[in-house]
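**Student:** Here you go, this is run23.txt (compact mmCIF, C-alpha atoms).
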# COMPACT_ATOMS: atom_id res chain seq x y z
CA MET A 1 72.41 -101.88 125.84
CA ASN A 2 75.59 -101.67 127.90
CA THR A 3 74.81 -99.55 130.98
CA SER A 4 78.05 -99.88 132.94
CA VAL A 5 78.92 -96.29 132.00
CA SER A 6 76.16 -93.67 131.80
CA LEU A 7 76.08 -90.11 130.56
CA ASN A 8 76.51 -87.41 133.14
CA ARG A 9 73.07 -85.87 133.54
CA SER A 10 74.47 -82.80 135.28
CA LEU A 11 75.48 -81.50 131.86
CA ILE A 12 71.83 -81.04 130.96
CA ALA A 13 71.30 -78.39 133.60
CA ILE A 14 71.55 -75.56 131.09
CA ALA A 15 71.95 -72.29 132.91
CA VAL A 16 68.82 -70.18 132.85
CA GLY A 17 70.83 -67.03 132.28
CA ALA A 18 67.76 -64.86 132.72
CA VAL A 19 69.27 -61.55 131.71
CA LEU A 20 66.94 -58.60 131.91
CA ALA A 21 66.42 -56.48 128.83
CA LEU A 22 66.79 -53.01 130.30
CA GLY A 23 66.19 -49.74 128.54
CA ALA A 24 69.03 -47.37 127.76
CA VAL A 25 70.36 -44.95 130.34
CA SER A 26 68.35 -41.75 130.24
CA GLN A 27 69.76 -39.22 127.84
CA ALA A 28 70.78 -35.77 128.93
CA SER A 29 67.96 -33.39 128.24
CA ALA A 30 68.63 -31.05 125.35
CA GLN A 31 67.01 -27.68 125.49
CA SER A 32 63.76 -27.64 123.54
CA ALA A 33 62.99 -25.19 120.75
CA ALA A 34 60.37 -23.54 122.95
CA GLU A 35 62.88 -23.11 125.76
CA ARG A 36 65.40 -21.63 123.35
CA ARG A 37 62.84 -19.14 122.01
CA ALA A 38 61.83 -18.15 125.53
CA GLN A 39 65.47 -17.74 126.49
CA ARG A 40 66.18 -15.69 123.36
CA ASP A 41 63.14 -13.46 123.87
CA ALA A 42 64.01 -12.88 127.49
CA GLU A 43 67.53 -11.92 126.54
CA ARG A 44 66.41 -9.52 123.82
CA ALA A 45 63.82 -7.84 125.99
CA GLY A 46 66.14 -7.59 128.95
CA LYS A 47 65.85 -9.61 132.09
CA SER A 48 64.83 -6.68 134.22
CA SER A 49 61.59 -6.17 132.30
CA GLN A 50 60.55 -9.83 132.34
CA LYS A 51 58.40 -11.61 134.84
CA LYS A 52 60.66 -13.84 136.88
CA ALA A 53 60.52 -17.44 135.72
CA GLU A 54 58.91 -20.00 137.99
CA ALA A 55 61.44 -21.23 140.53
CA LEU A 56 62.11 -24.90 139.85
CA TYR A 57 64.06 -25.27 143.09
CA PRO A 58 62.22 -23.21 145.70
CA GLN A 59 63.95 -24.92 148.64
CA ALA A 60 67.48 -24.45 147.30
CA THR A 61 70.17 -23.28 149.74
CA ARG A 62 72.16 -21.50 147.01
CA GLN A 63 71.90 -17.71 147.04
CA GLU A 64 70.90 -16.60 143.56
CA PRO A 65 73.16 -13.99 141.97
CA ASP A 66 71.84 -10.96 140.13
CA ALA A 67 71.43 -12.86 136.85
CA LYS A 68 71.54 -10.09 134.31
CA ALA A 69 73.49 -9.54 131.09
CA SER A 70 75.97 -6.68 130.96
CA ALA A 71 75.25 -3.85 128.56
CA LYS A 72 78.47 -4.49 126.65
CA ALA A 73 77.83 -8.21 126.13
CA SER A 74 74.10 -8.00 125.41
CA THR A 75 74.49 -7.66 121.65
CA LYS A 76 76.91 -10.58 121.48
CA LEU A 77 74.60 -12.75 123.57
CA GLN A 78 71.74 -12.03 121.18
CA LYS A 79 74.01 -12.88 118.26
CA LEU A 80 75.02 -16.11 119.99
CA LEU A 81 71.37 -17.12 120.33
CA LYS A 82 70.65 -16.20 116.71
CA LEU A 83 73.57 -18.26 115.43
CA TYR A 84 72.38 -21.20 117.50
CA GLU A 85 68.80 -20.82 116.24
CA ASP A 86 70.13 -20.77 112.67
CA ASP A 87 72.00 -24.06 113.30
CA LYS A 88 75.38 -22.39 112.91
CA GLY A 89 76.87 -24.38 115.73
CA ASP A 90 80.56 -23.82 115.00
CA GLU A 91 80.16 -20.05 114.81
CA ALA A 92 77.96 -19.99 117.90
CA ARG A 93 80.46 -22.05 119.87
CA ALA A 94 83.35 -19.82 118.82
CA LEU A 95 81.40 -16.76 119.99
CA ALA A 96 80.58 -18.51 123.28
CA ASP A 97 84.29 -19.16 123.85
CA GLU A 98 85.04 -15.51 123.04
CA LEU A 99 82.51 -14.31 125.62
CA ILE A 100 83.86 -16.67 128.27
CA ALA A 101 87.42 -15.43 127.68
CA ASP A 102 86.47 -11.73 127.57
CA ALA A 103 87.57 -9.97 130.75
CA LYS A 104 84.77 -7.43 130.23
CA SER A 105 82.05 -10.09 130.43
CA ASN A 106 80.37 -10.40 133.81
CA ALA A 107 79.60 -13.68 135.60
CA TYR A 108 76.19 -13.97 133.95
CA ASP A 109 77.57 -13.34 130.44
CA LYS A 110 80.22 -16.01 130.88
CA SER A 111 77.87 -18.50 132.55
CA PHE A 112 75.23 -18.05 129.88
CA ALA A 113 77.84 -18.48 127.12
CA ALA A 114 79.12 -21.65 128.81
CA GLN A 115 75.56 -22.95 129.07
CA MET A 116 75.08 -22.37 125.33
CA GLY A 117 78.47 -23.96 124.62
CA ALA A 118 77.38 -27.07 126.52
CA GLN A 119 74.16 -27.28 124.53
CA ILE A 120 75.97 -26.87 121.20
CA ALA A 121 78.66 -29.42 122.11
CA TYR A 122 76.04 -31.92 123.30
CA GLU A 123 74.09 -31.65 120.07
CA ALA A 124 77.35 -32.22 118.17
CA ASP A 125 77.95 -35.44 120.17
CA ASP A 126 80.98 -33.86 121.82
CA ASN A 127 80.33 -34.99 125.38
CA PRO A 128 83.80 -34.11 126.77
CA ALA A 129 83.41 -30.52 125.64
CA ALA A 130 79.83 -30.36 126.92
CA LEU A 131 81.00 -31.58 130.33
CA ALA A 132 83.78 -29.00 130.39
CA TYR A 133 81.31 -26.20 129.62
CA LEU A 134 78.93 -27.44 132.31
CA THR A 135 81.73 -27.37 134.85
CA GLN A 136 82.42 -23.77 133.82
CA VAL A 137 78.75 -22.86 134.28
CA GLN A 138 78.95 -23.96 137.89
CA GLN A 139 82.34 -22.43 138.59
CA LEU A 140 81.35 -19.08 137.08
CA ASN A 141 78.21 -19.14 139.24
CA GLY A 142 76.39 -16.45 137.28
CA LEU A 143 73.02 -18.07 136.44
CA ASP A 144 69.83 -18.14 138.45
CA ASN A 145 69.00 -21.32 140.32
CA ASN A 146 67.04 -22.76 137.44
CA GLY A 147 69.95 -22.50 135.03
CA HIS A 148 72.61 -23.42 137.59
CA PHE A 149 70.95 -26.61 138.82
CA ASN A 150 69.81 -27.64 135.35
CA ALA A 151 73.45 -27.53 134.31
CA MET A 152 74.30 -29.86 137.19
CA LEU A 153 71.54 -32.25 136.13
CA MET A 154 72.76 -32.32 132.55
CA GLN A 155 76.30 -32.95 133.77
CA ALA A 156 75.18 -35.89 135.92
CA GLN A 157 73.24 -37.42 133.02
CA LEU A 158 76.11 -37.05 130.58
CA LEU A 159 78.50 -38.66 133.06
CA LEU A 160 76.03 -41.51 133.45
CA GLN A 161 75.90 -41.90 129.66
CA ASP A 162 79.69 -42.00 129.55
CA GLU A 163 79.72 -44.72 132.24
CA LYS A 164 81.45 -42.42 134.73
CA TYR A 165 79.14 -43.57 137.45
CA ALA A 166 81.07 -42.42 140.52
CA GLU A 167 81.43 -38.92 139.07
CA SER A 168 77.75 -38.83 138.16
CA LEU A 169 76.81 -39.88 141.68
CA ALA A 170 79.03 -37.17 143.19
CA VAL A 171 77.33 -34.50 141.08
CA MET A 172 73.87 -35.81 142.01
CA ASP A 173 74.71 -35.90 145.72
CA ARG A 174 75.78 -32.26 145.51
CA PHE A 175 72.74 -31.37 143.40
CA LEU A 176 70.27 -32.94 145.83
CA ALA A 177 72.00 -31.41 148.84
CA GLU A 178 72.03 -27.90 147.39
CA SER A 179 68.78 -27.84 145.44
CA LYS A 180 66.81 -29.80 148.07
CA SER A 181 64.92 -31.38 145.18
CA GLN A 182 62.92 -34.52 145.90
CA LYS A 183 61.50 -34.86 142.40
CA PRO A 184 61.24 -38.51 141.32
CA GLU A 185 63.07 -37.92 138.04
CA HIS A 186 66.04 -36.49 139.95
CA LEU A 187 66.13 -39.31 142.48
CA MET A 188 66.08 -41.76 139.57
CA ILE A 189 69.36 -40.40 138.21
CA LYS A 190 71.05 -41.06 141.54
CA GLY A 191 69.44 -44.49 141.81
CA ASN A 192 70.58 -45.38 138.30
CA ALA A 193 74.16 -44.41 139.13
CA LEU A 194 74.08 -46.52 142.30
CA TYR A 195 72.71 -49.45 140.32
CA ARG A 196 75.48 -49.18 137.73
CA MET A 197 78.02 -49.09 140.57
CA GLU A 198 76.49 -52.34 141.91
CA ARG A 199 75.51 -50.69 145.19
CA TYR A 200 72.21 -52.50 145.05
CA PRO A 201 70.72 -51.98 148.55
CA GLU A 202 71.26 -48.20 148.30
CA ALA A 203 69.99 -48.18 144.73
CA ALA A 204 66.84 -50.11 145.63
CA ALA A 205 66.01 -47.72 148.48
CA ILE A 206 66.25 -44.53 146.41
CA LEU A 207 64.66 -46.05 143.30
CA LYS A 208 61.68 -47.18 145.35
CA GLN A 209 61.46 -43.71 146.92
CA ALA A 210 61.34 -42.16 143.45
CA ILE A 211 58.76 -44.61 142.15
CA ASP A 212 56.53 -44.29 145.21
CA ALA A 213 56.62 -40.50 144.85
CA SER A 214 55.54 -40.63 141.20
CA PRO A 215 51.84 -40.95 140.32
CA GLU A 216 52.76 -42.56 136.98
CA PRO A 217 56.27 -44.01 137.17
CA LYS A 218 57.83 -44.78 133.81
CA ASN A 219 58.29 -48.40 132.83
CA ASP A 220 62.03 -47.83 132.50
CA TRP A 221 62.14 -46.78 136.14
CA LEU A 222 60.35 -49.94 137.18
CA GLN A 223 62.74 -51.99 135.03
CA VAL A 224 65.78 -50.59 136.83
CA LEU A 225 64.26 -51.29 140.24
CA MET A 226 63.38 -54.81 139.11
CA ALA A 227 66.97 -55.37 137.95
CA THR A 228 68.20 -54.11 141.31
CA TYR A 229 65.99 -56.64 143.09
CA PHE A 230 67.36 -59.38 140.82
CA GLU A 231 70.94 -58.48 141.60
CA SER A 232 70.12 -58.44 145.30
CA GLU A 233 68.48 -61.89 144.94
CA ARG A 234 65.19 -60.43 146.13
CA TYR A 235 63.33 -62.60 143.66
CA ALA A 236 59.86 -62.34 145.17
CA GLU A 237 59.94 -58.54 144.92
CA ALA A 238 61.46 -58.72 141.43
CA THR A 239 58.73 -61.08 140.27
CA ALA A 240 55.95 -58.95 141.73
CA LEU A 241 57.35 -55.90 139.96
CA ALA A 242 57.80 -57.81 136.69
CA GLU A 243 54.13 -58.86 136.86
CA ARG A 244 53.11 -55.25 137.44
CA ILE A 245 55.11 -54.03 134.43
CA ALA A 246 53.88 -56.82 132.15
CA ALA A 247 50.25 -56.22 133.13
CA LYS A 248 50.66 -52.51 132.46
CA SER A 249 52.21 -53.14 129.02
CA PRO A 250 50.87 -56.45 127.67
CA SER A 251 52.13 -55.72 124.14
CA ASP A 252 55.65 -54.79 125.29
CA LYS A 253 57.86 -57.72 124.30
CA ARG A 254 60.67 -56.62 126.59
CA ALA A 255 58.33 -56.54 129.57
CA GLN A 256 57.08 -60.05 128.79
CA LEU A 257 60.62 -61.41 128.41
CA ASN A 258 61.57 -59.85 131.72
CA LEU A 259 58.54 -61.44 133.34
CA ALA A 260 59.65 -64.83 132.03
CA ALA A 261 63.16 -64.16 133.35
CA ALA A 262 61.69 -63.28 136.75
CA TYR A 263 59.74 -66.53 136.85
CA GLN A 264 62.83 -68.50 135.85
CA ASN A 265 64.96 -66.92 138.56
CA ALA A 266 62.20 -67.66 141.06
CA ASP A 267 62.20 -71.30 139.84
CA GLN A 268 58.65 -70.97 138.52
CA MET A 269 59.42 -72.66 135.21
CA ASP A 270 55.83 -73.45 134.26
CA LYS A 271 54.90 -69.77 134.41
CA ALA A 272 58.03 -68.78 132.48
CA ILE A 273 57.24 -71.32 129.77
CA GLY A 274 53.68 -70.03 129.53
CA VAL A 275 54.87 -66.47 128.89
CA LEU A 276 57.52 -67.50 126.38
CA GLU A 277 55.26 -69.89 124.49
CA LYS A 278 52.71 -67.13 124.11
CA LEU A 279 55.40 -64.97 122.51
CA ARG A 280 56.52 -67.88 120.36
CA SER A 281 53.03 -68.59 119.07
CA ALA A 282 52.71 -64.92 118.14
CA GLY A 283 55.98 -65.09 116.20
CA GLN A 284 57.72 -62.71 118.60
CA LEU A 285 60.71 -64.89 119.48
CA THR A 286 63.12 -63.43 116.94
CA GLU A 287 66.49 -63.42 118.70
CA GLU A 288 68.85 -66.22 119.66
CA ARG A 289 68.80 -65.43 123.36
CA GLU A 290 65.00 -65.65 123.36
CA TYR A 291 65.00 -69.19 121.95
CA ARG A 292 67.72 -70.12 124.40
CA GLN A 293 65.64 -68.73 127.24
CA LEU A 294 62.72 -70.95 126.23
CA TYR A 295 64.61 -74.19 125.70
CA ALA A 296 66.56 -73.58 128.93
CA ALA A 297 63.23 -73.33 130.77
CA TYR A 298 62.15 -76.68 129.30
CA LEU A 299 65.49 -78.33 130.12
CA ASN A 300 65.23 -77.13 133.71
CA THR A 301 61.78 -78.71 134.01
CA ASP A 302 61.51 -82.47 134.57
CA GLY A 303 60.16 -84.42 131.63
CA GLN A 304 60.13 -81.52 129.16
CA GLU A 305 62.99 -82.62 126.90
CA LYS A 306 60.69 -83.30 123.92
CA GLN A 307 59.46 -79.73 124.04
CA ALA A 308 63.07 -78.52 124.20
CA ILE A 309 63.86 -80.56 121.07
CA SER A 310 60.98 -78.89 119.24
CA VAL A 311 62.14 -75.40 120.22
CA ILE A 312 65.78 -76.06 119.33
CA ASN A 313 65.00 -77.57 115.95
CA GLU A 314 62.61 -74.76 115.12
CA GLY A 315 65.24 -72.19 116.07
CA LEU A 316 67.85 -73.94 113.91
CA GLN A 317 65.49 -74.23 110.95
CA LYS A 318 64.64 -70.53 111.14
CA GLY A 319 68.30 -69.59 111.45
CA VAL A 320 67.64 -67.83 114.74
CA LEU A 321 69.67 -70.35 116.73
CA LYS A 322 73.27 -70.84 115.70
CA GLY A 323 74.62 -74.33 115.19
CA ASP A 324 77.11 -73.91 118.02
CA TYR A 325 78.36 -76.06 120.87
CA GLN A 326 75.74 -74.97 123.38
CA THR A 327 72.83 -75.58 121.02
CA TYR A 328 74.00 -79.00 119.82
CA LEU A 329 74.86 -80.11 123.35
CA ALA A 330 71.38 -79.21 124.57
CA LEU A 331 69.87 -81.03 121.58
CA ALA A 332 72.04 -84.11 122.11
CA GLN A 333 71.14 -84.44 125.76
CA SER A 334 67.46 -83.81 125.07
CA TYR A 335 67.46 -86.68 122.56
CA TYR A 336 69.37 -88.93 124.97
CA PHE A 337 66.94 -88.43 127.84
CA THR A 338 63.97 -89.09 125.56
CA ASP A 339 65.51 -92.46 124.56
CA GLN A 340 66.47 -91.39 121.05
CA PRO A 341 70.10 -92.57 120.86
CA GLY A 342 70.46 -92.17 117.09
CA PRO A 343 69.68 -88.43 116.92
CA ALA A 344 71.58 -87.95 120.19
CA ILE A 345 74.72 -89.42 118.62
CA GLU A 346 74.39 -87.18 115.58
CA ALA A 347 73.97 -84.10 117.77
CA TYR A 348 76.99 -85.08 119.88
CA ARG A 349 79.04 -85.49 116.71
CA LYS A 350 78.21 -81.86 115.88
CA ALA A 351 78.77 -80.55 119.40
CA ALA A 352 82.04 -82.32 120.28
CA PRO A 353 84.38 -80.65 117.72
CA LEU A 354 83.10 -77.23 118.84
CA SER A 355 83.95 -77.78 122.50
CA THR A 356 87.07 -76.40 124.16
CA ASN A 357 87.53 -79.69 126.04
CA GLY A 358 86.84 -83.38 125.52
CA GLU A 359 83.74 -83.80 127.68
CA ALA A 360 81.32 -83.92 124.73
CA TYR A 361 83.52 -86.47 122.96
CA LEU A 362 83.53 -88.54 126.15
CA ASN A 363 79.74 -88.47 126.33
CA LEU A 364 79.63 -89.46 122.69
CA ALA A 365 81.98 -92.36 123.44
CA ARG A 366 79.80 -93.47 126.37
CA LEU A 367 76.69 -93.38 124.21
CA LEU A 368 78.35 -95.31 121.39
CA TRP A 369 79.50 -97.90 123.93
CA GLN A 370 75.95 -98.22 125.20
CA GLU A 371 74.84 -98.79 121.63
CA ASP A 372 77.56 -101.44 121.28
CA ARG A 373 79.36 -99.49 118.58
CA ILE A 374 82.78 -100.20 120.07
CA PRO A 375 85.16 -99.05 117.29
CA GLU A 376 83.35 -95.71 117.06
CA ALA A 377 83.32 -95.43 120.86
CA LYS A 378 87.10 -95.93 120.98
CA GLU A 379 87.66 -93.27 118.33
CA ALA A 380 85.50 -90.79 120.26
CA ALA A 381 87.39 -91.69 123.46
CA ARG A 382 90.70 -90.94 121.75
CA GLN A 383 89.30 -87.56 120.66
CA ALA A 384 88.22 -86.90 124.24
CA GLN A 385 91.67 -87.83 125.51
CA ALA A 386 93.33 -85.49 123.01
CA LYS A 387 91.18 -82.49 124.09
CA GLY A 388 91.30 -83.33 127.80
CA VAL A 389 88.65 -84.27 130.36
CA LYS A 390 88.25 -83.85 134.11
CA ASN A 391 88.02 -87.59 134.83
CA PRO A 392 89.96 -89.78 132.37
CA ALA A 393 88.98 -93.08 134.03
CA ASP A 394 86.10 -93.72 131.62
CA ILE A 395 88.37 -93.09 128.66
CA LYS A 396 90.66 -95.86 129.84
CA LYS A 397 87.71 -98.21 130.28
CA ILE A 398 86.46 -97.57 126.77
CA LEU A 399 89.90 -97.86 125.17
CA ALA A 400 90.40 -101.16 126.99
CA LEU A 401 87.23 -102.68 125.58
CA PRO A 402 87.76 -105.76 123.40
CA SER A 403 87.26 -105.04 119.74
CA LYS A 404 84.45 -106.81 117.92
Show me this structure written as structure tokens.

**Tutor:**
Amino acid sequence: MNTSVSLNRSLIAIAVGAVLALGAVSQASAQSAAERRAQRDAERAGKSSQKKAEALYPQATRQEPDAKASAKASTKLQKLLKLYEDDKGDEARALADELIADAKSNAYDKSFAAQMGAQIAYEADDNPAALAYLTQVQQLNGLDNNGHFNAMLMQAQLLLQDEKYAESLAVMDRFLAESKSQKPEHLMIKGNALYRMERYPEAAAILKQAIDASPEPKNDWLQVLMATYFESERYAEATALAERIAAKSPSDKRAQLNLAAAYQNADQMDKAIGVLEKLRSAGQLTEEREYRQLYAAYLNTDGQEKQAISVINEGLQKGVLKGDYQTYLALAQSYYFTDQPGPAIEAYRKAAPLSTNGEAYLNLARLLWQEDRIPEAKEAARQAQAKGVKNPADIKKILALPSK
């Protein structure tokens, strides 16, 4: 075999690309049916005759107004609640707008109507309108602290959903300053916004504060903190947290994949392979990125190319892996470094036309030269030259070879 030109092994270093599978951003909390009934009953009976609701923000600095419906608006407020309960959202929202615009409505009437308008708009997937109503709730300043600060929370969550992270953070900073809340679920909203803004050190600090303050932190909370550690390149802490989550939820595929990603980023390939192979044997590798994650782990481990070949071929046979440039390149190089030139050539022939440059054609030409298949090597070199390569010197060498 001609060895004067060898394949560039650096191409086999397939990027791990260990991307965490995070849960969705927390949804804004819609008012429950029980809450609506309680609110309706309180309104019908009259606030003055009801036992004051438990204060959710006992340390708040805001001075509560006299949250009471006016006599003139009371009937309309009851009608508003009834329309809402009967799922007549359009009519309810129109009545809410009427109450807000009515000069005879007091601050509570208007604030309550805006609160209901926000709820109705949210349930109709009209986030811009919901946000506008929530701003009105705060500007009108007519609700008790529970209603006022809950409106701020909902606003922050909706802004987070809409990827308006800086605005969400501003609302949460004001909420925490005025309500004095230290509840973990509230700190998490701020931490999530900081994470989305890529302010990772600040995010990690407040996320950890929230998790440490919670007796049973949700897995999604732990996932966000783990992702923050990843982004900060604090791999030891990320790995420890990934192990904690995976141990807590052994049947959670996402948690196991994240554990494998943590091991890969920490350069603990054997552990990553162990986790992924367990999922594979259970038939749980069902997505392209999951097969890529496994064969990348093998290709980043010395002497594991045969295992990578098995994974790639299985993924192709199942239709989970696409026959694209990245897949065929990984397969070609795996065959080459296990001394299987024939299959390597065939894989390169599939990979090269799919590449945006001529590097795969050049590797094909090198391999054909090594196999003493000079006419084919020259043709591949011409293809490489046409698509462009970083170092054309080898192309010239191959094209200058004497024909046989």

**Student:** A:Ser70, A:Gln304, A:Asn219, A:Thr228: which is nearest Ala107 of chain A, counting only C-alpha atoms?

**Tutor:**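 So, comparing all the options, the nearest one is A:Ser70.
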
**Student:** Need the shell around Ala156 of chain A: protein/DNA/RNA residues with any atom at most 6 Å away, counting only C-alpha atoms. Skip same-chain ones fewer than 3 positions apart. Format as a list in words?

**Tutor:**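 Result of the neighbour search: Leu153, Leu159, Ser168 and Val171 of chain A.
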
**Student:** What is the atom CA of Arg199 of chain A-atom CA of Glu231 of chain A distance in Å, reported with one decimal?

**Tutor:**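 Rounded to one decimal, the two atoms are 9.7 Å apart.
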
**Student:** Kindly extract all protein, DNA and RNA residues lying within 9 Å of the coordinates (89.9, -95.9, 120.4) given in the file, considering all atoms listed in the file, and supply them as a ChimeraX atom specification.

**Tutor:** /A:374-383,395,398-401

**Student:** Restricting it to C-alpha atoms, dump the selection as an mmCIF file, in the coordinates of the input.

**Tutor:**
data_model
loop_
_atom_site.group_PDB
_atom_site.id
_atom_site.type_symbol
_atom_site.label_atom_id
_atom_site.label_comp_id
_atom_site.auth_asym_id
_atom_site.auth_seq_id
_atom_site.Cartn_x
_atom_site.Cartn_y
_atom_site.Cartn_z
ATOM 1 C CA ILE A 374 82.780 -100.200 120.070
ATOM 2 C CA PRO A 375 85.160 -99.050 117.290
ATOM 3 C CA GLU A 376 83.350 -95.710 117.060
ATOM 4 C CA ALA A 377 83.320 -95.430 120.860
ATOM 5 C CA LYS A 378 87.100 -95.930 120.980
ATOM 6 C CA GLU A 379 87.660 -93.270 118.330
ATOM 7 C CA ALA A 380 85.500 -90.790 120.260
ATOM 8 C CA ALA A 381 87.390 -91.690 123.460
ATOM 9 C CA ARG A 382 90.700 -90.940 121.750
ATOM 10 C CA GLN A 383 89.300 -87.560 120.660
ATOM 11 C CA ILE A 395 88.370 -93.090 128.660
ATOM 12 C CA ILE A 398 86.460 -97.570 126.770
ATOM 13 C CA LEU A 399 89.900 -97.860 125.170
ATOM 14 C CA ALA A 400 90.400 -101.160 126.990
ATOM 15 C CA LEU A 401 87.230 -102.680 125.580
#

**Student:** Need to verify the contact set: Gly274 of chain A, 12 Å, all atoms listed in the file, exclusion of same-chain residues closer than 3 positions in sequence. Can you return it as a CSV table (one decimal) with C-alpha atoms, in the frame of the given file?

**Tutor:**
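The resulting file, result.csv, is shown below:
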chain,number,residue,atom,x,y,z
A,256,GLN,CA,57.1,-60.0,128.8
A,257,LEU,CA,60.6,-61.4,128.4
A,259,LEU,CA,58.5,-61.4,133.3
A,260,ALA,CA,59.6,-64.8,132.0
A,261,ALA,CA,63.2,-64.2,133.4
A,263,TYR,CA,59.7,-66.5,136.8
A,264,GLN,CA,62.8,-68.5,135.8
A,268,GLN,CA,58.6,-71.0,138.5
A,269,MET,CA,59.4,-72.7,135.2
A,270,ASP,CA,55.8,-73.4,134.3
A,271,LYS,CA,54.9,-69.8,134.4
A,277,GLU,CA,55.3,-69.9,124.5
A,278,LYS,CA,52.7,-67.1,124.1
A,279,LEU,CA,55.4,-65.0,122.5
A,280,ARG,CA,56.5,-67.9,120.4
A,281,SER,CA,53.0,-68.6,119.1
A,294,LEU,CA,62.7,-71.0,126.2
A,297,ALA,CA,63.2,-73.3,130.8
A,298,TYR,CA,62.2,-76.7,129.3

**Student:** Using all atoms listed in the file, collect all residues at a distance of at most 12 Å from (75.3, -9.2, 120.9) as written in the file, then present them as a VMD selection string.

**Tutor:** chain A and resid 40 43 to 44 69 to 83 92 95 to 96 98 to 99 105 109 113

**Student:** Near Thr286 of chain A, counting all atoms listed in the file, which residues have an atom at most 12 Å away, once you skip same-chain residues fewer than 6 positions from it, shown as a ChimeraX atom specification?

**Tutor:** /A:253,257,276,279-280,292-294,314-316,318-321

**Student:** Which is closest to Ala308 of chain A among A:Thr135, A:Ala213, A:Gly323, A:Phe337, if we use all atoms listed in the file?

**Tutor:** A:Phe337

**Student:** Name the closest residue to Ala282 of chain A among the candidates A:Asn300, A:Gln136, A:Asn363, A:Ser251; distances are taken between atoms, counting all atoms listed in the file.

**Tutor:** A:Ser251

**Student:** Have a look at atom CA of Tyr108 of chain A and atom CA of Gly89 of chain A and let me know their distance in Å, one decimal.

**Tutor:** 21.0 Å

**Student:** Record the distance separating atom CA of Asn146 of chain A and atom CA of Ser214 of chain A, expressed in Å with one decimal.

**Tutor:**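 If I compute the distance from atom CA of Asn146 of chain A to atom CA of Ser214 of chain A, I get 21.6 Å.
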
**Student:** Neighbouring residues of Ala193 of chain A were defined as those with any atom within 8 Å, considering all atoms listed in the file; residues of the same chain fewer than 6 positions away were excluded. Please report them as a list in words.

**Tutor:**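 Counting all atoms listed in the file, the residues come to Leu160, Tyr165, Ala166, Ser168, Leu169 and Ala203 of chain A.
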
**Student:** From the set A:Ile100, A:Ser111, A:Ala60, A:Glu237, which residue has the shortest atom-to-atom contact distance to Asn265 of chain A, counting all atoms listed in the file?

**Tutor:**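 Smallest separation from Asn265 of chain A among the options: A:Glu237.
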
**Student:** Which residue out of A:Ala130, A:Val275, A:Val224, A:Leu187 has the minimum interatomic distance to Ala246 of chain A when only C-alpha atoms are used?

**Tutor:**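 That would be A:Val275, the residue with the smallest distance to Ala246 of chain A.
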